[in-house]
>>> print(open('coords.cif').read())   # mmCIF, C-alpha atoms; chains and numbers go by the auth columns
data_work
#
loop_
_atom_site.group_PDB
_atom_site.id
_atom_site.type_symbol
_atom_site.label_atom_id
_atom_site.label_comp_id
_atom_site.label_asym_id
_atom_site.label_seq_id
_atom_site.Cartn_x
_atom_site.Cartn_y
_atom_site.Cartn_z
_atom_site.B_iso_or_equiv
_atom_site.auth_seq_id
_atom_site.auth_asym_id
ATOM 1 C CA MET A 1 0.000 0.000 0.000 0.00 122 Y
ATOM 2 C CA THR A 2 1.360 3.439 -0.878 0.00 123 Y
ATOM 3 C CA GLU A 3 1.377 5.965 1.919 0.00 124 Y
ATOM 4 C CA PRO A 4 -0.675 9.126 1.385 0.00 125 Y
ATOM 5 C CA PRO A 5 1.549 12.102 0.495 0.00 126 Y
ATOM 6 C CA ILE A 6 0.194 14.277 3.307 0.00 127 Y
ATOM 7 C CA THR A 7 1.028 13.593 6.953 0.00 128 Y
ATOM 8 C CA LEU A 8 -0.720 15.585 9.679 0.00 129 Y
ATOM 9 C CA TYR A 9 0.841 15.731 13.122 0.00 130 Y
ATOM 10 C CA ARG A 10 -2.016 16.369 15.481 0.00 131 Y
ATOM 11 C CA LEU A 11 -3.238 16.280 19.037 0.00 132 Y
ATOM 12 C CA GLN A 12 -6.445 14.592 20.083 0.00 133 Y
ATOM 13 C CA ALA A 13 -9.293 17.147 20.387 0.00 134 Y
ATOM 14 C CA CYS A 14 -7.141 20.093 19.272 0.00 135 Y
ATOM 15 C CA PRO A 15 -9.510 22.521 17.508 0.00 136 Y
ATOM 16 C CA TYR A 16 -6.727 23.959 15.348 0.00 137 Y
ATOM 17 C CA CYS A 17 -5.989 20.442 14.139 0.00 138 Y
ATOM 18 C CA GLU A 18 -9.673 19.809 13.393 0.00 139 Y
ATOM 19 C CA ARG A 19 -9.677 22.981 11.319 0.00 140 Y
ATOM 20 C CA VAL A 20 -6.931 21.530 9.116 0.00 141 Y
ATOM 21 C CA VAL A 21 -8.764 18.215 8.886 0.00 142 Y
ATOM 22 C CA ARG A 22 -11.871 20.056 7.677 0.00 143 Y
ATOM 23 C CA VAL A 23 -10.026 21.671 4.797 0.00 144 Y
ATOM 24 C CA LEU A 24 -8.287 18.405 3.865 0.00 145 Y
ATOM 25 C CA ASP A 25 -11.680 16.718 3.798 0.00 146 Y
ATOM 26 C CA GLU A 26 -13.162 19.609 1.841 0.00 147 Y
ATOM 27 C CA PHE A 27 -10.717 18.918 -0.993 0.00 148 Y
ATOM 28 C CA ASP A 28 -10.994 15.157 -0.544 0.00 149 Y
ATOM 29 C CA LEU A 29 -7.273 14.842 0.128 0.00 150 Y
ATOM 30 C CA ASP A 30 -5.869 11.569 1.400 0.00 151 Y
ATOM 31 C CA TYR A 31 -3.735 12.033 4.515 0.00 152 Y
ATOM 32 C CA ARG A 32 -2.447 10.096 7.461 0.00 153 Y
ATOM 33 C CA SER A 33 -2.756 11.250 11.048 0.00 154 Y
ATOM 34 C CA ARG A 34 0.111 10.966 13.489 0.00 155 Y
ATOM 35 C CA TYR A 35 -1.032 11.659 17.030 0.00 156 Y
ATOM 36 C CA VAL A 36 1.392 13.126 19.548 0.00 157 Y
ATOM 37 C CA GLU A 37 1.114 13.899 23.255 0.00 158 Y
ATOM 38 C CA PRO A 38 -0.244 17.052 24.903 0.00 159 Y
ATOM 39 C CA MET A 39 3.094 17.762 26.630 0.00 160 Y
ATOM 40 C CA HIS A 40 5.312 19.931 24.435 0.00 161 Y
ATOM 41 C CA SER A 41 8.404 18.174 25.784 0.00 162 Y
ATOM 42 C CA GLU A 42 7.026 14.906 24.364 0.00 163 Y
ATOM 43 C CA ARG A 43 6.862 16.194 20.805 0.00 164 Y
ATOM 44 C CA ASN A 44 10.401 15.788 19.532 0.00 165 Y
ATOM 45 C CA VAL A 45 9.179 14.196 16.330 0.00 166 Y
ATOM 46 C CA VAL A 46 7.229 17.359 15.464 0.00 167 Y
ATOM 47 C CA LYS A 47 10.241 19.527 16.234 0.00 168 Y
ATOM 48 C CA ARG A 48 12.371 17.312 14.034 0.00 169 Y
ATOM 49 C CA VAL A 49 10.105 17.524 11.005 0.00 170 Y
ATOM 50 C CA SER A 50 8.867 21.114 11.300 0.00 171 Y
ATOM 51 C CA GLY A 51 11.393 22.939 13.478 0.00 172 Y
ATOM 52 C CA ALA A 52 8.768 23.688 16.133 0.00 173 Y
ATOM 53 C CA ARG A 53 6.852 21.618 18.656 0.00 174 Y
ATOM 54 C CA SER A 54 3.461 23.119 17.821 0.00 175 Y
ATOM 55 C CA VAL A 55 0.611 21.200 16.250 0.00 176 Y
ATOM 56 C CA PRO A 56 -0.945 20.997 13.811 0.00 177 Y
ATOM 57 C CA ALA A 57 2.017 20.454 11.557 0.00 178 Y
ATOM 58 C CA LEU A 58 1.599 19.264 8.018 0.00 179 Y
ATOM 59 C CA VAL A 59 4.121 17.511 5.778 0.00 180 Y
ATOM 60 C CA ASP A 60 3.301 17.281 2.080 0.00 181 Y
ATOM 61 C CA SER A 61 5.770 14.955 0.375 0.00 182 Y
ATOM 62 C CA GLU A 62 4.204 15.768 -3.003 0.00 183 Y
ATOM 63 C CA THR A 63 5.371 19.376 -2.862 0.00 184 Y
ATOM 64 C CA GLY A 64 8.151 19.079 -0.268 0.00 185 Y
ATOM 65 C CA VAL A 65 6.343 21.563 1.973 0.00 186 Y
ATOM 66 C CA THR A 66 6.332 21.318 5.771 0.00 187 Y
ATOM 67 C CA MET A 67 4.419 23.865 7.822 0.00 188 Y
ATOM 68 C CA SER A 68 2.931 24.752 11.182 0.00 189 Y
ATOM 69 C CA GLU A 69 0.083 27.059 12.288 0.00 190 Y
ATOM 70 C CA SER A 70 -3.416 26.126 11.190 0.00 191 Y
ATOM 71 C CA ALA A 71 -4.155 29.409 9.373 0.00 192 Y
ATOM 72 C CA ASN A 72 -1.004 28.989 7.273 0.00 193 Y
ATOM 73 C CA ILE A 73 -1.810 25.362 6.586 0.00 194 Y
ATOM 74 C CA VAL A 74 -5.390 26.104 5.544 0.00 195 Y
ATOM 75 C CA GLU A 75 -4.140 28.820 3.212 0.00 196 Y
ATOM 76 C CA TYR A 76 -1.519 26.473 1.792 0.00 197 Y
ATOM 77 C CA VAL A 77 -4.015 23.677 1.181 0.00 198 Y
ATOM 78 C CA ARG A 78 -6.503 26.012 -0.487 0.00 199 Y
ATOM 79 C CA GLY A 79 -3.775 27.603 -2.589 0.00 200 Y
ATOM 80 C CA THR A 80 -2.204 24.320 -3.638 0.00 201 Y
ATOM 81 C CA TYR A 81 -5.197 22.040 -4.062 0.00 202 Y
ATOM 82 C CA GLY A 82 -8.132 24.466 -4.291 0.00 203 Y
ATOM 83 C CA ASP A 83 -7.512 25.845 -7.795 0.00 204 Y
ATOM 84 C CA ALA A 84 -6.649 22.541 -9.401 0.00 205 Y
ATOM 85 C CA GLU A 85 -9.383 20.517 -7.776 0.00 206 Y
ATOM 86 C CA ARG A 86 -12.367 22.775 -7.741 0.00 207 Y
ATOM 87 C CA GLY A 87 -11.620 25.989 -9.553 0.00 208 Y
ATOM 88 C CA VAL A 88 -11.996 28.145 -6.433 0.00 209 Y
ATOM 89 C CA MET B 1 1.479 -28.469 47.078 0.00 120 D
ATOM 90 C CA PRO B 2 1.308 -24.752 46.299 0.00 121 D
ATOM 91 C CA ASP B 3 -1.553 -23.073 48.100 0.00 122 D
ATOM 92 C CA PHE B 4 -2.645 -21.005 45.122 0.00 123 D
ATOM 93 C CA ASP B 5 -4.736 -21.977 42.128 0.00 124 D
ATOM 94 C CA VAL B 6 -3.708 -21.828 38.510 0.00 125 D
ATOM 95 C CA VAL B 7 -6.906 -21.719 36.505 0.00 126 D
ATOM 96 C CA ALA B 8 -7.215 -23.776 33.347 0.00 127 D
ATOM 97 C CA LEU B 9 -8.639 -21.675 30.506 0.00 128 D
ATOM 98 C CA PRO B 10 -11.304 -23.162 28.250 0.00 129 D
ATOM 99 C CA GLU B 11 -10.453 -24.503 24.803 0.00 130 D
ATOM 100 C CA THR B 12 -10.554 -21.810 22.147 0.00 131 D
ATOM 101 C CA ASP B 13 -10.450 -21.780 18.371 0.00 132 D
ATOM 102 C CA HIS B 14 -7.446 -19.485 18.046 0.00 133 D
ATOM 103 C CA VAL B 15 -5.111 -18.526 15.220 0.00 134 D
ATOM 104 C CA ASP B 16 -2.472 -21.245 15.047 0.00 135 D
ATOM 105 C CA GLU B 17 0.658 -22.413 13.253 0.00 136 D
ATOM 106 C CA GLY B 18 0.156 -22.633 9.496 0.00 137 D
ATOM 107 C CA ASP B 19 -2.611 -20.016 9.455 0.00 138 D
ATOM 108 C CA THR B 20 -2.213 -16.592 7.889 0.00 139 D
ATOM 109 C CA ALA B 21 -2.386 -14.059 10.716 0.00 140 D
ATOM 110 C CA PRO B 22 -5.628 -12.119 10.086 0.00 141 D
ATOM 111 C CA ASP B 23 -5.058 -8.560 8.912 0.00 142 D
ATOM 112 C CA PHE B 24 -6.329 -5.652 10.986 0.00 143 D
ATOM 113 C CA THR B 25 -5.831 -1.902 11.246 0.00 144 D
ATOM 114 C CA ARG B 26 -5.319 -0.281 14.648 0.00 145 D
ATOM 115 C CA PRO B 27 -3.344 2.682 16.014 0.00 146 D
ATOM 116 C CA LEU B 28 0.298 1.583 16.158 0.00 147 D
ATOM 117 C CA VAL B 29 2.306 3.338 18.842 0.00 148 D
ATOM 118 C CA ASN B 30 6.032 4.049 18.925 0.00 149 D
ATOM 119 C CA THR B 31 8.014 6.204 21.340 0.00 150 D
ATOM 120 C CA GLU B 32 7.010 9.388 19.494 0.00 151 D
ATOM 121 C CA TYR B 33 3.544 9.114 17.956 0.00 152 D
ATOM 122 C CA TRP B 34 0.799 6.790 16.829 0.00 153 D
ATOM 123 C CA GLU B 35 -0.964 6.292 13.533 0.00 154 D
ATOM 124 C CA ASP B 36 -3.410 3.830 12.019 0.00 155 D
ATOM 125 C CA ARG B 37 -1.479 0.943 10.596 0.00 156 D
ATOM 126 C CA ALA B 38 -2.517 -2.305 8.920 0.00 157 D
ATOM 127 C CA LEU B 39 -0.697 -5.414 10.084 0.00 158 D
ATOM 128 C CA ALA B 40 -0.301 -6.409 6.426 0.00 159 D
ATOM 129 C CA ASP B 41 1.614 -3.184 5.754 0.00 160 D
ATOM 130 C CA ALA B 42 3.626 -3.356 8.972 0.00 161 D
ATOM 131 C CA VAL B 43 4.885 -6.896 8.334 0.00 162 D
ATOM 132 C CA ASP B 44 7.674 -6.971 5.751 0.00 163 D
ATOM 133 C CA GLY B 45 9.894 -9.678 7.210 0.00 164 D
ATOM 134 C CA PRO B 46 10.123 -12.016 10.184 0.00 165 D
ATOM 135 C CA THR B 47 7.821 -10.573 12.840 0.00 166 D
ATOM 136 C CA LEU B 48 7.017 -11.387 16.428 0.00 167 D
ATOM 137 C CA LEU B 49 3.446 -10.438 17.386 0.00 168 D
ATOM 138 C CA LEU B 50 2.793 -10.455 21.139 0.00 169 D
ATOM 139 C CA PHE B 51 -0.697 -10.265 22.616 0.00 170 D
ATOM 140 C CA HIS B 52 -0.486 -9.300 26.279 0.00 171 D
ATOM 141 C CA PRO B 53 -2.708 -8.234 29.180 0.00 172 D
ATOM 142 C CA MET B 54 -3.178 -4.513 29.607 0.00 173 D
ATOM 143 C CA ASP B 55 -0.200 -2.259 30.248 0.00 174 D
ATOM 144 C CA GLY B 56 0.512 -2.107 33.951 0.00 175 D
ATOM 145 C CA ALA B 57 -0.377 -5.748 34.628 0.00 176 D
ATOM 146 C CA PHE B 58 2.761 -7.545 35.818 0.00 177 D
ATOM 147 C CA GLN B 59 2.351 -9.984 32.933 0.00 178 D
ATOM 148 C CA ALA B 60 2.922 -7.105 30.486 0.00 179 D
ATOM 149 C CA THR B 61 5.867 -5.740 32.478 0.00 180 D
ATOM 150 C CA TYR B 62 7.541 -9.176 32.630 0.00 181 D
ATOM 151 C CA LEU B 63 6.942 -9.699 28.924 0.00 182 D
ATOM 152 C CA TYR B 64 8.702 -6.474 27.906 0.00 183 D
ATOM 153 C CA ASN B 65 11.553 -7.154 30.324 0.00 184 D
ATOM 154 C CA THR B 66 11.935 -10.504 28.557 0.00 185 D
ATOM 155 C CA VAL B 67 11.822 -8.870 25.114 0.00 186 D
ATOM 156 C CA ASP B 68 14.677 -6.590 26.195 0.00 187 D
ATOM 157 C CA GLU B 69 16.715 -9.327 27.891 0.00 188 D
ATOM 158 C CA HIS B 70 16.515 -11.565 24.831 0.00 189 D
ATOM 159 C CA ALA B 71 17.055 -8.671 22.388 0.00 190 D
ATOM 160 C CA TRP B 72 14.474 -10.052 19.977 0.00 191 D
ATOM 161 C CA THR B 73 14.282 -6.728 18.172 0.00 192 D
ATOM 162 C CA ASP B 74 17.836 -7.379 16.910 0.00 193 D
ATOM 163 C CA ASP B 75 16.569 -10.282 14.792 0.00 194 D
ATOM 164 C CA VAL B 76 12.891 -9.649 14.020 0.00 195 D
ATOM 165 C CA ASP B 77 10.333 -6.842 14.056 0.00 196 D
ATOM 166 C CA VAL B 78 8.451 -6.972 17.344 0.00 197 D
ATOM 167 C CA PHE B 79 4.872 -5.754 17.746 0.00 198 D
ATOM 168 C CA GLY B 80 2.830 -5.856 20.930 0.00 199 D
ATOM 169 C CA LEU B 81 -0.952 -5.606 21.198 0.00 200 D
ATOM 170 C CA SER B 82 -3.137 -4.922 24.196 0.00 201 D
ATOM 171 C CA ILE B 83 -6.418 -3.250 25.099 0.00 202 D
ATOM 172 C CA SER B 84 -4.573 -0.291 26.625 0.00 203 D
ATOM 173 C CA SER B 85 -4.784 3.174 25.106 0.00 204 D
ATOM 174 C CA PRO B 86 -2.065 4.706 22.918 0.00 205 D
ATOM 175 C CA TYR B 87 -1.165 7.006 25.825 0.00 206 D
ATOM 176 C CA ALA B 88 -0.515 3.996 28.073 0.00 207 D
ATOM 177 C CA HIS B 89 1.537 2.305 25.336 0.00 208 D
ATOM 178 C CA LYS B 90 3.716 5.406 25.049 0.00 209 D
ATOM 179 C CA ARG B 91 4.384 5.384 28.776 0.00 210 D
ATOM 180 C CA LEU B 92 5.273 1.699 28.639 0.00 211 D
ATOM 181 C CA LEU B 93 7.649 2.203 25.699 0.00 212 D
ATOM 182 C CA ALA B 94 9.392 5.055 27.520 0.00 213 D
ATOM 183 C CA GLU B 95 10.617 2.524 30.085 0.00 214 D
ATOM 184 C CA ARG B 96 11.020 -0.812 28.302 0.00 215 D
ATOM 185 C CA GLY B 97 10.508 -2.606 25.005 0.00 216 D
ATOM 186 C CA ASP B 98 13.356 -0.957 23.120 0.00 217 D
ATOM 187 C CA GLY B 99 12.485 -0.955 19.414 0.00 218 D
ATOM 188 C CA VAL B 100 8.998 -2.411 19.937 0.00 219 D
ATOM 189 C CA ARG B 101 5.804 -0.871 18.558 0.00 220 D
ATOM 190 C CA ILE B 102 2.424 -1.637 20.121 0.00 221 D
ATOM 191 C CA PHE B 103 -1.061 -1.819 18.599 0.00 222 D
ATOM 192 C CA ALA B 104 -3.953 -0.443 20.658 0.00 223 D
ATOM 193 C CA ASP B 105 -7.122 -2.580 20.570 0.00 224 D
ATOM 194 C CA PRO B 106 -9.302 -1.161 23.363 0.00 225 D
ATOM 195 C CA GLY B 107 -12.461 -2.746 21.917 0.00 226 D
ATOM 196 C CA ALA B 108 -10.716 -6.150 21.872 0.00 227 D
ATOM 197 C CA SER B 109 -12.146 -7.014 18.465 0.00 228 D
ATOM 198 C CA VAL B 110 -8.733 -8.008 17.097 0.00 229 D
ATOM 199 C CA ILE B 111 -8.273 -10.117 20.222 0.00 230 D
ATOM 200 C CA GLU B 112 -11.661 -11.733 19.589 0.00 231 D
ATOM 201 C CA GLU B 113 -10.848 -12.360 15.933 0.00 232 D
ATOM 202 C CA TYR B 114 -7.652 -14.138 16.967 0.00 233 D
ATOM 203 C CA GLY B 115 -9.640 -16.318 19.402 0.00 234 D
ATOM 204 C CA LEU B 116 -7.886 -14.960 22.492 0.00 235 D
ATOM 205 C CA ALA B 117 -10.637 -13.197 24.458 0.00 236 D
ATOM 206 C CA HIS B 118 -10.445 -13.654 28.213 0.00 237 D
ATOM 207 C CA ASP B 119 -12.981 -12.303 30.688 0.00 238 D
ATOM 208 C CA ILE B 120 -11.275 -11.296 33.931 0.00 239 D
ATOM 209 C CA ASP B 121 -13.318 -11.895 37.047 0.00 240 D
ATOM 210 C CA GLY B 122 -14.205 -8.649 38.800 0.00 241 D
ATOM 211 C CA MET B 123 -13.513 -6.289 35.873 0.00 242 D
ATOM 212 C CA THR B 124 -16.972 -6.046 34.367 0.00 243 D
ATOM 213 C CA GLY B 125 -17.131 -4.766 30.817 0.00 244 D
ATOM 214 C CA ILE B 126 -13.461 -5.373 30.061 0.00 245 D
ATOM 215 C CA THR B 127 -12.467 -8.029 27.567 0.00 246 D
ATOM 216 C CA GLU B 128 -8.822 -8.968 28.008 0.00 247 D
ATOM 217 C CA THR B 129 -6.530 -11.084 25.881 0.00 248 D
ATOM 218 C CA ARG B 130 -4.959 -14.275 27.043 0.00 249 D
ATOM 219 C CA PRO B 131 -1.198 -14.000 26.541 0.00 250 D
ATOM 220 C CA ALA B 132 -0.196 -15.240 23.082 0.00 251 D
ATOM 221 C CA VAL B 133 2.872 -15.235 20.847 0.00 252 D
ATOM 222 C CA PHE B 134 2.874 -15.496 17.068 0.00 253 D
ATOM 223 C CA LEU B 135 6.038 -15.608 14.977 0.00 254 D
ATOM 224 C CA LEU B 136 5.207 -14.629 11.404 0.00 255 D
ATOM 225 C CA ASP B 137 7.135 -14.776 8.190 0.00 256 D
ATOM 226 C CA ALA B 138 7.015 -11.946 5.649 0.00 257 D
ATOM 227 C CA ASP B 139 3.632 -13.038 4.220 0.00 258 D
ATOM 228 C CA ARG B 140 2.083 -13.334 7.727 0.00 259 D
ATOM 229 C CA THR B 141 2.149 -17.139 7.832 0.00 260 D
ATOM 230 C CA VAL B 142 2.282 -18.215 11.468 0.00 261 D
ATOM 231 C CA GLU B 143 5.517 -20.184 11.867 0.00 262 D
ATOM 232 C CA TYR B 144 5.295 -20.527 15.634 0.00 263 D
ATOM 233 C CA ALA B 145 2.394 -19.971 17.996 0.00 264 D
ATOM 234 C CA TRP B 146 1.932 -20.160 21.730 0.00 265 D
ATOM 235 C CA ILE B 147 -1.342 -19.372 23.454 0.00 266 D
ATOM 236 C CA ALA B 148 -1.813 -19.436 27.225 0.00 267 D
ATOM 237 C CA SER B 149 -3.973 -22.343 28.350 0.00 268 D
ATOM 238 C CA GLU B 150 -3.807 -21.441 32.040 0.00 269 D
ATOM 239 C CA HIS B 151 -4.234 -18.224 34.003 0.00 270 D
ATOM 240 C CA PRO B 152 -1.677 -16.950 34.673 0.00 271 D
ATOM 241 C CA GLU B 153 0.824 -18.463 32.267 0.00 272 D
ATOM 242 C CA PHE B 154 3.951 -17.034 30.666 0.00 273 D
ATOM 243 C CA PRO B 155 5.475 -17.811 27.283 0.00 274 D
ATOM 244 C CA ASP B 156 8.723 -19.789 27.256 0.00 275 D
ATOM 245 C CA PRO B 157 11.450 -17.382 26.079 0.00 276 D
ATOM 246 C CA GLU B 158 13.785 -20.211 25.077 0.00 277 D
ATOM 247 C CA ALA B 159 11.113 -21.672 22.814 0.00 278 D
ATOM 248 C CA ILE B 160 10.710 -18.236 21.195 0.00 279 D
ATOM 249 C CA ASP B 161 14.500 -17.921 20.809 0.00 280 D
ATOM 250 C CA ALA B 162 14.579 -21.297 19.067 0.00 281 D
ATOM 251 C CA ALA B 163 11.660 -20.420 16.786 0.00 282 D
ATOM 252 C CA ILE B 164 13.326 -17.133 15.815 0.00 283 D
ATOM 253 C CA ASP B 165 16.590 -18.970 15.080 0.00 284 D
ATOM 254 C CA ARG B 166 14.747 -21.448 12.861 0.00 285 D
ATOM 255 C CA LEU B 167 13.009 -18.665 10.928 0.00 286 D
ATOM 256 C CA VAL B 168 15.855 -16.191 10.584 0.00 287 D
ATOM 257 C CA ASP B 169 18.848 -18.495 9.970 0.00 288 D
#
>>> encode(input="coords.cif", output="structure tokens")
Amino acid sequence: MTEPPITLYRLQACPYCERVVRVLDEFDLDYRSRYVEPMHSERNVVKRVSGARSVPALVDSETGVTMSESANIVEYVRGTYGDAERGV
Amino acid sequence: MPDFDVVALPETDHVDEGDTAPDFTRPLVNTEYWEDRALADAVDGPTLLLFHPMDGAFQATYLYNTVDEHAWTDDVDVFGLSISSPYAHKRLLAERGDGVRIFADPGASVIEEYGLAHDIDGMTGITETRPAVFLLDADRTVEYAWIASEHPEFPDPEAIDAAIDRLVD
């Protein structure tokens, strides 16, 4: 099975993460969820991939983009996949 | 005569040697995160799949101490599975089970599919697993299986060593 190109680092019940999930679903994008712990000190994997320990963090292997902050991510997803997929 | 009772468990129709280990998808936990993972995708070589009572039970603690002492992760991929949550698995892996990843099956439906369900007296509503060990080859054929027939009962590490040697050498 091929892995989906988008990986979302998220925290259970984090509203900023849910916001990203909504936009991924909106554009019907396949992604995998990697859940991390509430404690910032427990999030070394997120720091390693994105440079910061904050979630959500999104890695898009299709475009080579890695980013944090839900507003940035939503903008990125709309900008990258919105035009092509739906003409918005 | 010991003055405690070892309880014989009833016969069960469990996954056994020669079977293909049934595929399932559950959150798979490592020391850093968890994600949904299918067993079929996780298995790409000799694999030890360990069903164990919930994290915190001494049976689970002993099992992971044994995994570390015998360094099974040097020779095969090692996966655990219990009804504990991903958060509990992460705490367990912070202390023992170096190189092991653990599936979380809180609803015990994988455990039931493998024929390992065990109702623990006095813990209403919880379905446990009886301890079980499956050594799989790359296409998930069960090369070695051990399933507890008594409660409590521990797997024989030397028998697992021997089975790993047979499969890997």
>>> resolve_selection(input="coords.cif", expression="the PyMOL selection byres ((chain Y and resi 179) around 6)", output="list in words")
Thr128, Leu129, Ala178, Val180, Thr187 and Met188 of chain Y
>>> atom_distance(input="coords.cif", atom1="atom CA of Y:His161", atom2="atom CA of D:Pro146")
21.1 Å
>>> closest_atom_pairs(input="coords.cif", of="chain Y", to="chain D", cutoff="12 Å", atoms="all atoms listed in the file", output="CSV")
residue,atom,partner,partner_atom,distance
Y:Met122,CA,D:Asp160,CA,6.8
Y:Thr123,CA,D:Asp160,CA,9.4
Y:Glu124,CA,D:Asp160,CA,9.9
Y:Thr128,CA,D:Glu154,CA,10.0
Y:Leu129,CA,D:Glu154,CA,10.1
Y:Tyr130,CA,D:Tyr152,CA,8.6
Y:Arg131,CA,D:Tyr152,CA,9.5
Y:Leu132,CA,D:Tyr152,CA,9.9
Y:Gln133,CA,D:Tyr206,CA,10.9
Y:Tyr152,CA,D:Glu154,CA,11.0
Y:Arg153,CA,D:Glu154,CA,7.3
Y:Ser154,CA,D:Glu154,CA,5.8
Y:Arg155,CA,D:Glu154,CA,4.8
Y:Tyr156,CA,D:Trp153,CA,5.2
Y:Val157,CA,D:Tyr152,CA,4.8
Y:Glu158,CA,D:Tyr152,CA,7.5
Y:Pro159,CA,D:Tyr206,CA,10.1
Y:Met160,CA,D:Tyr206,CA,11.6
Y:His161,CA,D:Glu151,CA,11.8
Y:Ser162,CA,D:Glu151,CA,10.9
Y:Glu163,CA,D:Glu151,CA,7.4
Y:Arg164,CA,D:Glu151,CA,6.9
Y:Asn165,CA,D:Glu151,CA,7.2
Y:Val166,CA,D:Glu151,CA,6.2
Y:Val167,CA,D:Glu151,CA,8.9
Y:Lys168,CA,D:Glu151,CA,11.1
Y:Arg169,CA,D:Glu151,CA,11.0
>>> write_last_selection(input="coords.cif", atoms="C-alpha atoms", output="PDB file, keeping the file's coordinate frame")
ATOM      1  CA  MET Y 122       0.000   0.000   0.000  1.00  0.00           C
ATOM      2  CA  THR Y 123       1.360   3.439  -0.878  1.00  0.00           C
ATOM      3  CA  GLU Y 124       1.377   5.965   1.919  1.00  0.00           C
ATOM      4  CA  THR Y 128       1.028  13.593   6.953  1.00  0.00           C
ATOM      5  CA  LEU Y 129      -0.720  15.585   9.679  1.00  0.00           C
ATOM      6  CA  TYR Y 130       0.841  15.731  13.122  1.00  0.00           C
ATOM      7  CA  ARG Y 131      -2.016  16.369  15.481  1.00  0.00           C
ATOM      8  CA  LEU Y 132      -3.238  16.280  19.037  1.00  0.00           C
ATOM      9  CA  GLN Y 133      -6.445  14.592  20.083  1.00  0.00           C
ATOM     10  CA  TYR Y 152      -3.735  12.033   4.515  1.00  0.00           C
ATOM     11  CA  ARG Y 153      -2.447  10.096   7.461  1.00  0.00           C
ATOM     12  CA  SER Y 154      -2.756  11.250  11.048  1.00  0.00           C
ATOM     13  CA  ARG Y 155       0.111  10.966  13.489  1.00  0.00           C
ATOM     14  CA  TYR Y 156      -1.032  11.659  17.030  1.00  0.00           C
ATOM     15  CA  VAL Y 157       1.392  13.126  19.548  1.00  0.00           C
ATOM     16  CA  GLU Y 158       1.114  13.899  23.255  1.00  0.00           C
ATOM     17  CA  PRO Y 159      -0.244  17.052  24.903  1.00  0.00           C
ATOM     18  CA  MET Y 160       3.094  17.762  26.630  1.00  0.00           C
ATOM     19  CA  HIS Y 161       5.312  19.931  24.435  1.00  0.00           C
ATOM     20  CA  SER Y 162       8.404  18.174  25.784  1.00  0.00           C
ATOM     21  CA  GLU Y 163       7.026  14.906  24.364  1.00  0.00           C
ATOM     22  CA  ARG Y 164       6.862  16.194  20.805  1.00  0.00           C
ATOM     23  CA  ASN Y 165      10.401  15.788  19.532  1.00  0.00           C
ATOM     24  CA  VAL Y 166       9.179  14.196  16.330  1.00  0.00           C
ATOM     25  CA  VAL Y 167       7.229  17.359  15.464  1.00  0.00           C
ATOM     26  CA  LYS Y 168      10.241  19.527  16.234  1.00  0.00           C
ATOM     27  CA  ARG Y 169      12.371  17.312  14.034  1.00  0.00           C
TER      28      ARG Y 169
END
>>> closest_residue(input="coords.cif", among="D:Val252, D:Val134, D:Ala207, D:Leu158", to="D:Phe170", atoms="all atoms listed in the file")
D:Val252
>>> atom_distance(input="coords.cif", atom1="atom CA of D:Thr243", atom2="atom CA of D:Glu269")
20.4 Å
>>> atom_distance(input="coords.cif", atom1="atom CA of Y:Pro125", atom2="atom CA of Y:Asp149")
12.1 Å
>>> closest_residue(input="coords.cif", among="D:Val229, D:Leu286, D:Val195, D:Ala251", to="D:Leu169", atoms="all atoms listed in the file")
D:Ala251
>>> resolve_selection(input="coords.cif", expression="the PyMOL selection byres ((chain D and resi 173) around 7)", output="list in words")
His171, Pro172, Asp174, Gly175, Ala176, Ala179, Ser201, Ile202 and Ser203 of chain D
>>> residues_around(input="coords.cif", residues="stretch 200-203 of chain Y", least_positions_apart="5", cutoff="10 Å", atoms="only C-alpha atoms", output="short mmCIF file (atom, residue, chain, number, x, y, z; two decimals) with C-alpha atoms, keeping the file's coordinate frame")
data_model
loop_
_atom_site.label_atom_id
_atom_site.label_comp_id
_atom_site.auth_asym_id
_atom_site.auth_seq_id
_atom_site.Cartn_x
_atom_site.Cartn_y
_atom_site.Cartn_z
CA VAL Y 144 -10.03 21.67 4.80
CA LEU Y 145 -8.29 18.40 3.86
CA GLU Y 147 -13.16 19.61 1.84
CA PHE Y 148 -10.72 18.92 -0.99
CA ASP Y 149 -10.99 15.16 -0.54
CA LEU Y 150 -7.27 14.84 0.13
CA THR Y 184 5.37 19.38 -2.86
CA ILE Y 194 -1.81 25.36 6.59
CA VAL Y 195 -5.39 26.10 5.54
CA GLY Y 208 -11.62 25.99 -9.55
CA VAL Y 209 -12.00 28.14 -6.43
#
>>> decode(input="coords.cif", residues="stretch 135-140 of chain Y", atoms="N, CA and C atoms", output="mmCIF file, in the first residue's frame")
data_model
loop_
_atom_site.group_PDB
_atom_site.id
_atom_site.type_symbol
_atom_site.label_atom_id
_atom_site.label_comp_id
_atom_site.auth_asym_id
_atom_site.auth_seq_id
_atom_site.Cartn_x
_atom_site.Cartn_y
_atom_site.Cartn_z
ATOM 1 N N CYS Y 135 -7.706 18.751 19.468
ATOM 2 C CA CYS Y 135 -7.141 20.093 19.272
ATOM 3 C C CYS Y 135 -7.933 20.790 18.171
ATOM 4 N N PRO Y 136 -8.639 21.889 18.500
ATOM 5 C CA PRO Y 136 -9.510 22.521 17.508
ATOM 6 C C PRO Y 136 -8.752 23.044 16.283
ATOM 7 N N TYR Y 137 -7.515 23.481 16.485
ATOM 8 C CA TYR Y 137 -6.727 23.959 15.348
ATOM 9 C C TYR Y 137 -6.400 22.808 14.393
ATOM 10 N N CYS Y 138 -6.235 21.620 14.982
ATOM 11 C CA CYS Y 138 -5.989 20.442 14.139
ATOM 12 C C CYS Y 138 -7.256 20.065 13.372
ATOM 13 N N GLU Y 139 -8.398 20.137 14.046
ATOM 14 C CA GLU Y 139 -9.673 19.809 13.393
ATOM 15 C C GLU Y 139 -9.936 20.755 12.224
ATOM 16 N N ARG Y 140 -9.508 21.997 12.385
ATOM 17 C CA ARG Y 140 -9.677 22.981 11.319
ATOM 18 C C ARG Y 140 -8.919 22.540 10.064
#
